[in-house]
Every structure is written in C-alpha cells, then in structure tokens.
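What follows is the content of run-v2.txt (compact mmCIF, N, CA and C atoms).
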# COMPACT_ATOMS: atom_id res chain seq x y z
N MET A 1 2.86 2.31 9.06
CA MET A 1 4.03 3.13 8.88
C MET A 1 3.64 4.35 8.05
N THR A 2 4.03 5.50 8.51
CA THR A 2 3.76 6.73 7.78
C THR A 2 4.99 7.12 6.96
N LYS A 3 4.82 8.12 6.12
CA LYS A 3 5.94 8.61 5.33
C LYS A 3 7.05 9.12 6.25
N ALA A 4 6.67 9.80 7.33
CA ALA A 4 7.65 10.31 8.29
C ALA A 4 8.41 9.16 8.95
N ASP A 5 7.70 8.07 9.27
CA ASP A 5 8.36 6.89 9.85
C ASP A 5 9.38 6.32 8.88
N LEU A 6 9.00 6.24 7.61
CA LEU A 6 9.90 5.73 6.58
C LEU A 6 11.14 6.60 6.46
N ILE A 7 10.95 7.90 6.45
CA ILE A 7 12.07 8.84 6.36
C ILE A 7 13.01 8.66 7.55
N ASN A 8 12.45 8.56 8.74
CA ASN A 8 13.28 8.37 9.94
C ASN A 8 14.06 7.06 9.89
N GLN A 9 13.40 6.00 9.44
CA GLN A 9 14.07 4.71 9.36
C GLN A 9 15.21 4.72 8.34
N ILE A 10 14.99 5.33 7.19
CA ILE A 10 16.05 5.44 6.17
C ILE A 10 17.20 6.27 6.71
N SER A 11 16.88 7.36 7.37
CA SER A 11 17.91 8.22 7.94
C SER A 11 18.79 7.45 8.91
N GLU A 12 18.16 6.67 9.80
CA GLU A 12 18.92 5.90 10.79
C GLU A 12 19.74 4.79 10.16
N LYS A 13 19.11 4.01 9.28
CA LYS A 13 19.80 2.85 8.71
C LYS A 13 20.91 3.24 7.74
N ALA A 14 20.70 4.33 6.99
CA ALA A 14 21.71 4.74 6.01
C ALA A 14 22.74 5.69 6.61
N GLY A 15 22.47 6.16 7.82
CA GLY A 15 23.41 7.09 8.45
C GLY A 15 23.48 8.42 7.74
N ILE A 16 22.33 8.88 7.26
CA ILE A 16 22.27 10.18 6.58
C ILE A 16 21.32 11.08 7.34
N THR A 17 21.36 12.37 7.00
CA THR A 17 20.48 13.31 7.70
C THR A 17 19.03 13.05 7.30
N ARG A 18 18.14 13.51 8.14
CA ARG A 18 16.72 13.35 7.87
C ARG A 18 16.32 14.10 6.59
N VAL A 19 16.94 15.24 6.35
CA VAL A 19 16.65 16.03 5.15
C VAL A 19 17.03 15.25 3.89
N LYS A 20 18.20 14.60 3.91
CA LYS A 20 18.62 13.79 2.76
C LYS A 20 17.71 12.59 2.59
N ALA A 21 17.31 11.96 3.68
CA ALA A 21 16.41 10.81 3.60
C ALA A 21 15.05 11.23 3.04
N GLU A 22 14.59 12.41 3.43
CA GLU A 22 13.32 12.92 2.91
C GLU A 22 13.42 13.17 1.41
N THR A 23 14.56 13.69 0.96
CA THR A 23 14.77 13.91 -0.47
C THR A 23 14.74 12.58 -1.23
N VAL A 24 15.35 11.55 -0.67
CA VAL A 24 15.35 10.22 -1.29
C VAL A 24 13.93 9.70 -1.42
N VAL A 25 13.18 9.73 -0.32
CA VAL A 25 11.81 9.21 -0.33
C VAL A 25 10.95 9.99 -1.31
N ASN A 26 11.02 11.33 -1.27
CA ASN A 26 10.22 12.14 -2.18
C ASN A 26 10.59 11.89 -3.64
N THR A 27 11.87 11.70 -3.92
CA THR A 27 12.32 11.43 -5.30
C THR A 27 11.76 10.10 -5.78
N ILE A 28 11.79 9.08 -4.94
CA ILE A 28 11.25 7.77 -5.31
C ILE A 28 9.76 7.87 -5.57
N PHE A 29 9.02 8.49 -4.64
CA PHE A 29 7.57 8.60 -4.81
C PHE A 29 7.22 9.42 -6.04
N ASP A 30 7.94 10.53 -6.28
CA ASP A 30 7.68 11.35 -7.46
C ASP A 30 7.90 10.56 -8.75
N ALA A 31 8.98 9.77 -8.78
CA ALA A 31 9.27 8.96 -9.97
C ALA A 31 8.17 7.92 -10.19
N MET A 32 7.67 7.35 -9.11
CA MET A 32 6.60 6.35 -9.23
C MET A 32 5.31 7.00 -9.74
N VAL A 33 4.97 8.18 -9.22
CA VAL A 33 3.77 8.88 -9.67
C VAL A 33 3.89 9.23 -11.15
N GLU A 34 5.06 9.74 -11.56
CA GLU A 34 5.27 10.09 -12.96
C GLU A 34 5.14 8.87 -13.87
N ALA A 35 5.66 7.73 -13.43
CA ALA A 35 5.55 6.51 -14.22
C ALA A 35 4.08 6.10 -14.37
N LEU A 36 3.31 6.18 -13.31
CA LEU A 36 1.89 5.82 -13.39
C LEU A 36 1.11 6.81 -14.25
N ILE A 37 1.48 8.07 -14.20
CA ILE A 37 0.84 9.07 -15.07
C ILE A 37 1.10 8.73 -16.54
N ARG A 38 2.32 8.25 -16.85
CA ARG A 38 2.66 7.84 -18.22
C ARG A 38 2.05 6.48 -18.57
N ASP A 39 1.36 5.87 -17.62
CA ASP A 39 0.74 4.56 -17.77
C ASP A 39 1.77 3.44 -17.85
N ASP A 40 2.96 3.69 -17.28
CA ASP A 40 4.00 2.66 -17.19
C ASP A 40 3.69 1.73 -16.03
N ARG A 41 4.22 0.54 -16.10
CA ARG A 41 4.10 -0.44 -15.02
C ARG A 41 5.34 -0.29 -14.15
N ILE A 42 5.17 -0.34 -12.84
CA ILE A 42 6.29 -0.29 -11.90
C ILE A 42 6.43 -1.67 -11.29
N GLU A 43 7.61 -2.26 -11.43
CA GLU A 43 7.83 -3.58 -10.85
C GLU A 43 9.06 -3.53 -9.96
N ILE A 44 8.86 -3.89 -8.70
CA ILE A 44 9.95 -3.95 -7.74
C ILE A 44 10.06 -5.41 -7.32
N ARG A 45 11.04 -6.09 -7.87
CA ARG A 45 11.20 -7.53 -7.62
C ARG A 45 11.25 -7.83 -6.13
N GLY A 46 10.51 -8.85 -5.74
CA GLY A 46 10.47 -9.25 -4.34
C GLY A 46 9.49 -8.45 -3.50
N PHE A 47 8.96 -7.36 -4.06
CA PHE A 47 8.02 -6.51 -3.31
C PHE A 47 6.65 -6.54 -3.96
N GLY A 48 6.58 -6.14 -5.22
CA GLY A 48 5.30 -6.14 -5.92
C GLY A 48 5.34 -5.23 -7.13
N SER A 49 4.17 -5.02 -7.72
CA SER A 49 4.09 -4.17 -8.90
C SER A 49 2.87 -3.27 -8.82
N PHE A 50 3.00 -2.13 -9.47
CA PHE A 50 1.92 -1.15 -9.58
C PHE A 50 1.55 -1.03 -11.05
N VAL A 51 0.27 -1.07 -11.33
CA VAL A 51 -0.23 -0.84 -12.69
C VAL A 51 -1.50 0.00 -12.58
N ASN A 52 -1.85 0.65 -13.67
CA ASN A 52 -3.12 1.35 -13.73
C ASN A 52 -4.18 0.39 -14.25
N ARG A 53 -5.32 0.39 -13.59
CA ARG A 53 -6.46 -0.39 -14.08
C ARG A 53 -7.50 0.58 -14.62
N GLN A 54 -8.02 0.23 -15.78
CA GLN A 54 -9.02 1.05 -16.44
C GLN A 54 -10.40 0.57 -16.04
N TYR A 55 -11.25 1.49 -15.60
CA TYR A 55 -12.62 1.17 -15.24
C TYR A 55 -13.55 1.94 -16.15
N GLY A 56 -14.53 1.26 -16.72
CA GLY A 56 -15.47 1.89 -17.63
C GLY A 56 -16.48 2.75 -16.89
N ALA A 57 -17.19 3.56 -17.67
CA ALA A 57 -18.24 4.41 -17.10
C ALA A 57 -19.40 3.54 -16.63
N TYR A 58 -20.12 4.03 -15.63
CA TYR A 58 -21.28 3.31 -15.13
C TYR A 58 -22.24 4.28 -14.45
N GLN A 59 -23.43 3.80 -14.18
CA GLN A 59 -24.40 4.61 -13.46
C GLN A 59 -24.39 4.21 -12.00
N GLY A 60 -24.22 5.19 -11.15
CA GLY A 60 -24.24 4.94 -9.72
C GLY A 60 -25.45 5.61 -9.10
N ARG A 61 -25.55 5.50 -7.80
CA ARG A 61 -26.67 6.09 -7.10
C ARG A 61 -26.16 6.82 -5.87
N ASN A 62 -26.62 8.05 -5.68
CA ASN A 62 -26.29 8.81 -4.49
C ASN A 62 -27.00 8.15 -3.31
N PRO A 63 -26.26 7.63 -2.33
CA PRO A 63 -26.90 6.90 -1.23
C PRO A 63 -27.80 7.77 -0.36
N ARG A 64 -27.55 9.06 -0.32
CA ARG A 64 -28.35 9.95 0.51
C ARG A 64 -29.67 10.30 -0.14
N THR A 65 -29.62 10.61 -1.45
CA THR A 65 -30.84 11.08 -2.12
C THR A 65 -31.47 10.02 -3.02
N GLY A 66 -30.72 9.00 -3.39
CA GLY A 66 -31.22 7.98 -4.30
C GLY A 66 -31.13 8.41 -5.76
N GLU A 67 -30.61 9.61 -6.00
CA GLU A 67 -30.49 10.13 -7.36
C GLU A 67 -29.47 9.32 -8.16
N ILE A 68 -29.82 9.00 -9.40
CA ILE A 68 -28.90 8.28 -10.29
C ILE A 68 -27.89 9.28 -10.84
N ILE A 69 -26.61 8.89 -10.77
CA ILE A 69 -25.55 9.75 -11.29
C ILE A 69 -24.68 8.95 -12.24
N ASN A 70 -24.16 9.63 -13.24
CA ASN A 70 -23.26 9.00 -14.20
C ASN A 70 -21.82 9.17 -13.72
N VAL A 71 -21.12 8.06 -13.62
CA VAL A 71 -19.73 8.08 -13.21
C VAL A 71 -18.90 7.80 -14.46
N GLY A 72 -17.99 8.71 -14.77
CA GLY A 72 -17.16 8.57 -15.97
C GLY A 72 -16.12 7.48 -15.83
N GLU A 73 -15.53 7.09 -16.96
CA GLU A 73 -14.47 6.08 -16.89
C GLU A 73 -13.27 6.68 -16.19
N LYS A 74 -12.47 5.80 -15.59
CA LYS A 74 -11.32 6.27 -14.83
C LYS A 74 -10.25 5.20 -14.76
N LYS A 75 -9.06 5.67 -14.41
CA LYS A 75 -7.92 4.78 -14.15
C LYS A 75 -7.61 4.88 -12.67
N LEU A 76 -7.30 3.74 -12.07
CA LEU A 76 -6.88 3.74 -10.68
C LEU A 76 -5.62 2.90 -10.54
N PRO A 77 -4.62 3.38 -9.80
CA PRO A 77 -3.43 2.57 -9.55
C PRO A 77 -3.82 1.33 -8.74
N PHE A 78 -3.21 0.21 -9.09
CA PHE A 78 -3.48 -1.06 -8.43
C PHE A 78 -2.15 -1.68 -8.05
N PHE A 79 -2.05 -2.19 -6.82
CA PHE A 79 -0.83 -2.83 -6.34
C PHE A 79 -1.05 -4.33 -6.27
N LYS A 80 -0.13 -5.09 -6.85
CA LYS A 80 -0.16 -6.54 -6.75
C LYS A 80 1.08 -6.97 -5.98
N VAL A 81 0.87 -7.65 -4.86
CA VAL A 81 1.97 -8.04 -3.99
C VAL A 81 2.83 -9.10 -4.68
N GLY A 82 4.14 -9.03 -4.45
CA GLY A 82 5.07 -10.01 -5.00
C GLY A 82 5.11 -11.28 -4.17
N LYS A 83 5.55 -12.34 -4.78
CA LYS A 83 5.58 -13.65 -4.14
C LYS A 83 6.43 -13.64 -2.87
N GLU A 84 7.62 -13.04 -2.94
CA GLU A 84 8.51 -13.04 -1.79
C GLU A 84 7.91 -12.28 -0.61
N LEU A 85 7.31 -11.12 -0.88
CA LEU A 85 6.70 -10.33 0.19
C LEU A 85 5.52 -11.08 0.80
N LYS A 86 4.72 -11.70 -0.04
CA LYS A 86 3.58 -12.47 0.44
C LYS A 86 4.05 -13.59 1.37
N GLU A 87 5.11 -14.29 0.96
CA GLU A 87 5.63 -15.38 1.77
C GLU A 87 6.18 -14.87 3.11
N GLU A 88 6.88 -13.73 3.10
CA GLU A 88 7.42 -13.16 4.34
C GLU A 88 6.30 -12.78 5.30
N VAL A 89 5.26 -12.14 4.78
CA VAL A 89 4.14 -11.73 5.62
C VAL A 89 3.43 -12.95 6.20
N ASN A 90 3.22 -13.97 5.37
CA ASN A 90 2.55 -15.17 5.84
C ASN A 90 3.41 -15.95 6.83
N LYS A 91 4.72 -15.93 6.61
CA LYS A 91 5.62 -16.60 7.55
C LYS A 91 5.55 -15.90 8.91
N ALA A 92 5.55 -14.58 8.89
CA ALA A 92 5.45 -13.81 10.14
C ALA A 92 4.09 -14.04 10.80
N ALA A 93 3.03 -14.11 10.00
CA ALA A 93 1.69 -14.35 10.54
C ALA A 93 1.61 -15.76 11.12
N GLY A 94 2.27 -16.71 10.49
CA GLY A 94 2.29 -18.09 10.98
C GLY A 94 2.98 -18.20 12.32
N SER A 95 4.09 -17.48 12.49
CA SER A 95 4.79 -17.55 13.77
C SER A 95 4.01 -16.82 14.85
N ALA A 96 3.26 -15.77 14.48
CA ALA A 96 2.42 -15.08 15.46
C ALA A 96 1.23 -15.95 15.84
N ALA A 97 0.70 -16.72 14.89
CA ALA A 97 -0.43 -17.61 15.18
C ALA A 97 0.01 -18.75 16.08
N ALA A 98 1.27 -19.17 15.96
CA ALA A 98 1.78 -20.23 16.81
C ALA A 98 1.96 -19.74 18.25
N ASN A 99 2.09 -18.42 18.41
CA ASN A 99 2.23 -17.82 19.74
C ASN A 99 1.15 -16.74 19.89
N PRO A 100 -0.10 -17.11 20.22
CA PRO A 100 -1.20 -16.16 20.27
C PRO A 100 -1.01 -15.04 21.27
N ALA A 101 -0.16 -15.20 22.26
CA ALA A 101 0.06 -14.14 23.24
C ALA A 101 0.63 -12.89 22.57
N LYS A 102 1.38 -13.07 21.48
CA LYS A 102 1.95 -11.92 20.78
C LYS A 102 0.90 -11.22 19.92
N MET A 103 -0.19 -11.90 19.60
CA MET A 103 -1.20 -11.33 18.71
C MET A 103 -2.19 -10.43 19.43
N THR A 104 -2.41 -10.64 20.72
CA THR A 104 -3.40 -9.86 21.44
C THR A 104 -2.74 -8.96 22.45
N LYS A 105 -3.42 -7.87 22.75
CA LYS A 105 -2.92 -6.96 23.76
C LYS A 105 -3.24 -7.55 25.13
N PRO A 106 -2.34 -7.45 26.09
CA PRO A 106 -2.58 -8.04 27.40
C PRO A 106 -3.81 -7.46 28.10
N ASP A 107 -4.12 -6.18 27.85
CA ASP A 107 -5.25 -5.58 28.53
C ASP A 107 -6.55 -5.66 27.73
N SER A 108 -6.54 -6.35 26.58
CA SER A 108 -7.76 -6.44 25.78
C SER A 108 -8.65 -7.54 26.31
N PRO A 109 -9.98 -7.33 26.22
CA PRO A 109 -10.89 -8.36 26.71
C PRO A 109 -10.78 -9.63 25.87
N GLY A 110 -10.81 -10.75 26.53
CA GLY A 110 -10.74 -12.02 25.82
C GLY A 110 -9.36 -12.39 25.33
N SER A 111 -8.32 -11.70 25.82
CA SER A 111 -6.97 -12.00 25.32
C SER A 111 -6.49 -13.37 25.74
N SER A 112 -7.09 -13.94 26.76
CA SER A 112 -6.64 -15.26 27.21
C SER A 112 -7.30 -16.38 26.44
N SER A 113 -8.31 -16.06 25.60
CA SER A 113 -9.01 -17.11 24.87
C SER A 113 -8.93 -16.90 23.36
N ALA A 114 -7.71 -16.82 22.83
CA ALA A 114 -7.53 -16.66 21.39
C ALA A 114 -7.97 -17.95 20.71
N SER A 115 -8.87 -17.82 19.73
CA SER A 115 -9.42 -19.01 19.11
C SER A 115 -8.62 -19.48 17.92
N GLY A 116 -7.89 -18.58 17.27
CA GLY A 116 -7.11 -18.97 16.09
C GLY A 116 -7.96 -19.06 14.84
N ALA A 117 -9.27 -18.78 14.93
CA ALA A 117 -10.14 -18.84 13.76
C ALA A 117 -9.92 -17.60 12.91
N GLY A 118 -10.04 -17.75 11.62
CA GLY A 118 -9.94 -16.55 10.80
C GLY A 118 -9.17 -16.81 9.62

Can you give me the file's structure in the form of structure tokens?
Amino acid sequence: MTKADLINQISEKAGITRVKAETVVNTIFDAMVEALIRDDRIEIRGFGSFVNRQYGAYQGRNPRTGEIINVGEKKLPFFKVGKELKEEVNKAAGSAAANPAKMTKPDSPGSSSASGAG
C-alpha cells in the first residue's frame, strides 16, 4: 500500500474529499516524525510502537574498494508490531495456508504443487 492508496481509502471510507484525506494523512505522519525527532515513543494500541534505537559508532568497509571507513553513531526509527496486529496477520496467513490456491497465482509455474513449507 502506498501513501496515495491510503489517502484514497480514507477518502472513500470517511466520505471526505481526497484533499481533506491527504491533509489528515500528512498531519498524522508529520506528528509522528516530530515525535521521533524529539525522541518520544509512539504507541498505537493494537497496531504497534515506534521508538528510536541508538547505534554506536563502528568501522565498516567499502565493499567496492575494501577501504575501511568510520561510521558515526546514529539513531534509527524501529517499529515493533503489536500483539493484536500480529495475531490478525497470522490468522489471515493461516487461512491462506489452509487454501493454497489463494496463495499462488494461477499462471505461475508450480502453482498446482504448493508444498506449504516455510
């Protein structure tokens, strides 16, 4: 799903214009970015949480030249999935695994021999 898909879906479900839906999505994303910049934790119950993880400095290697480079410490946003979302995804995956025909494309090679391994 892209940002445009999300905007279209909100517009349709909420019965608002696409411009208003885009404003809603942008406002939410901007607020989330600002919270992460402040090093705040974002928790959306039933969905998951976002936190910044701190990574220390280390020495890396340029794969093309083999040159050793120093990589400075950094923070990266990290998403941890919530229990409810994890259960919903696994429940949907379980029902798809019970019906392998839905998991493969009809024109894909080997679609008739789904092994279920994985």

Residue set, chain A restricted to alpha helix (DSSP H), as a PyMOL selection string: chain A and resi 3-14+18-37+83-98

Residue with smallest distance to Lys20 of chain A - pool A:Met32, A:Ile7, A:Val51, A:Ile37, counting all atoms listed in the file: A:Ile7

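If you look at atom C of Gln54 of chain A and atom N of Glu84 of chain A, they are 26.1 Å away from each other.
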
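The two atoms in question, atom CA of Gly46 of chain A and atom CA of Ala92 of chain A, are spaced 16.0 Å apart.
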
Contact residues around Asp39 of chain A with only C-alpha atoms at 12 Å, ignoring same-chain residues under 4 positions, as a list in words: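 What passes the distance filter is Met32, Val33, Glu34, Ala35, Phe50, Val51, Asn52, Arg53, Gln54, Lys75, Leu76, Pro77 and Phe78 of chain A.
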
Within-7 Å shell of (7.4, -12.9, -7.5) in input frame, all atoms listed in the file, as number ranges by chain: A: 45-47, 81-85

Gap from atom C of Thr2 of chain A to atom CA of Val25 of chain A - Å, one decimal: 10.2 Å
